[in-house]
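Asks: Would you mind keeping the following structure in view while I ask a few things?
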Amino acid sequence: MSTAATPRRRERPPSSEHVADRLQATGREVRKITIDSVPEGADKQAVVAAIGRGIARAVALARAQGRFPLVLSGGCLAAVGVVAGLQSPEAGSGKIGDPGVVWIDAHGDFNTPESSPSGYWDGMALAAVCGVSLPELGAAVGLHPLAVERAIHLAGRAFDPLETANIRQHGLARVAAGELADPEVRERIRHRAGAGGYYLHIDLDGLDPRDAPAVGFPEPGGVRLDDLLDVLGGLPPPAAMTFSALSFEHADEEEAERTTATCLELAEAFAVFLDL
Ligand SMILES: [Mn+2]
């Protein structure tokens, strides 16, 4: 059973909804919740906070009902809402106050407004989850910032210079794609995932573009799907999972299909546990 929450982006084709539909077509019971954007004209923080609260509510509701929250998002900032949802009293017995975070991403997502060359908020998403960036947004969404020690970042290979300084300063644990086969590294990841419940954030650009080409900013040299499935196979099922950075806008049909197939395989890896 799973619940798919899809933040809606008007300017993009509904690639996230396509993934949810395909998941449904596998015969699983899928309940789709679409998070609608607020009207234009509101300021950026108000819009992003409203979407974040919508995601948090949907995640909390799914947890309260014993369902699996799978969030399909165009951008990584959805993570703020997902973690807030896990922490929400509305999650009932599914509440996790202090989740671990396993974050797979080509980019660090550890920028602040001061360190980011682009000012792109999604590139601050993990830092925001840890209260290092955009604290007002986190507060508006109901997030209790996590200690950086709760998180581990996998498959990063495109960091901004000042972002790297942030990562060092705050001691964010990082594992490069090429290190993932190392048994000691696997043990470190298992430790972060912990026994108390964790959030699995998969930015599809963390994977190698050969397995997930339909992303906004493809970066060569990522983790291959089979290797990632192998790593995830050693972990307990997460409390919530996000697929982000899906972008079918510039992808041809074959690339879109390959990326969708990757999402389905990753979802199925844990859906197997959920059916037990
Ligand atoms: Mn990202």
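Letters for chains follow the order of the structure tokens (A, B, ...), residue numbers begin at 1 for each chain, and ligand numbers begin at 1 in the order shown.
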Within 8 Å of ligand 1, which residues show up when you count only C-alpha atoms and all ligand atoms? List them as JSON, numbers by chain, please.
Replies: {"A": [75, 76, 77, 104, 105, 106, 107, 108, 109, 122, 123, 125, 203, 205, 244, 245]}
Asks: Record the distance separating CA of Pro237 (chain A) and CA of Gly85 (chain A), expressed in Å with one decimal.
Replies: 17.2 Å
Asks: Applying 12 Å and only C-alpha atoms, which residues near Thr26 (chain A) remain after dropping the ones on its own chain fewer than 2 positions away? List them as a VMD selection string.
Replies: chain A and resid 1 19 to 24 28 to 30 261 264 to 265 267 to 268 271
Asks: Pick out the residues sitting within 7 Å of region 171-177 of chain A, and hand them over as a ChimeraX atom specification; count only C-alpha atoms, and ignore anything fewer than 6 positions along from it in its own chain.
Replies: /A:148-149,151-156,222-223
Asks: A:Ala240, A:Leu204, A:Lys44, A:Leu146: which is nearest Lys95 (chain A), counting only C-alpha atoms?
Replies: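 Smallest distance to Lys95 (chain A) is found for A:Ala240.
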Asks: Please determine, counting only C-alpha atoms, which residue among A:Gly233, A:Gly221, A:Gly74, A:Gly94 has the shortest atom-to-atom distance to Leu266 (chain A).
Replies: A:Gly233
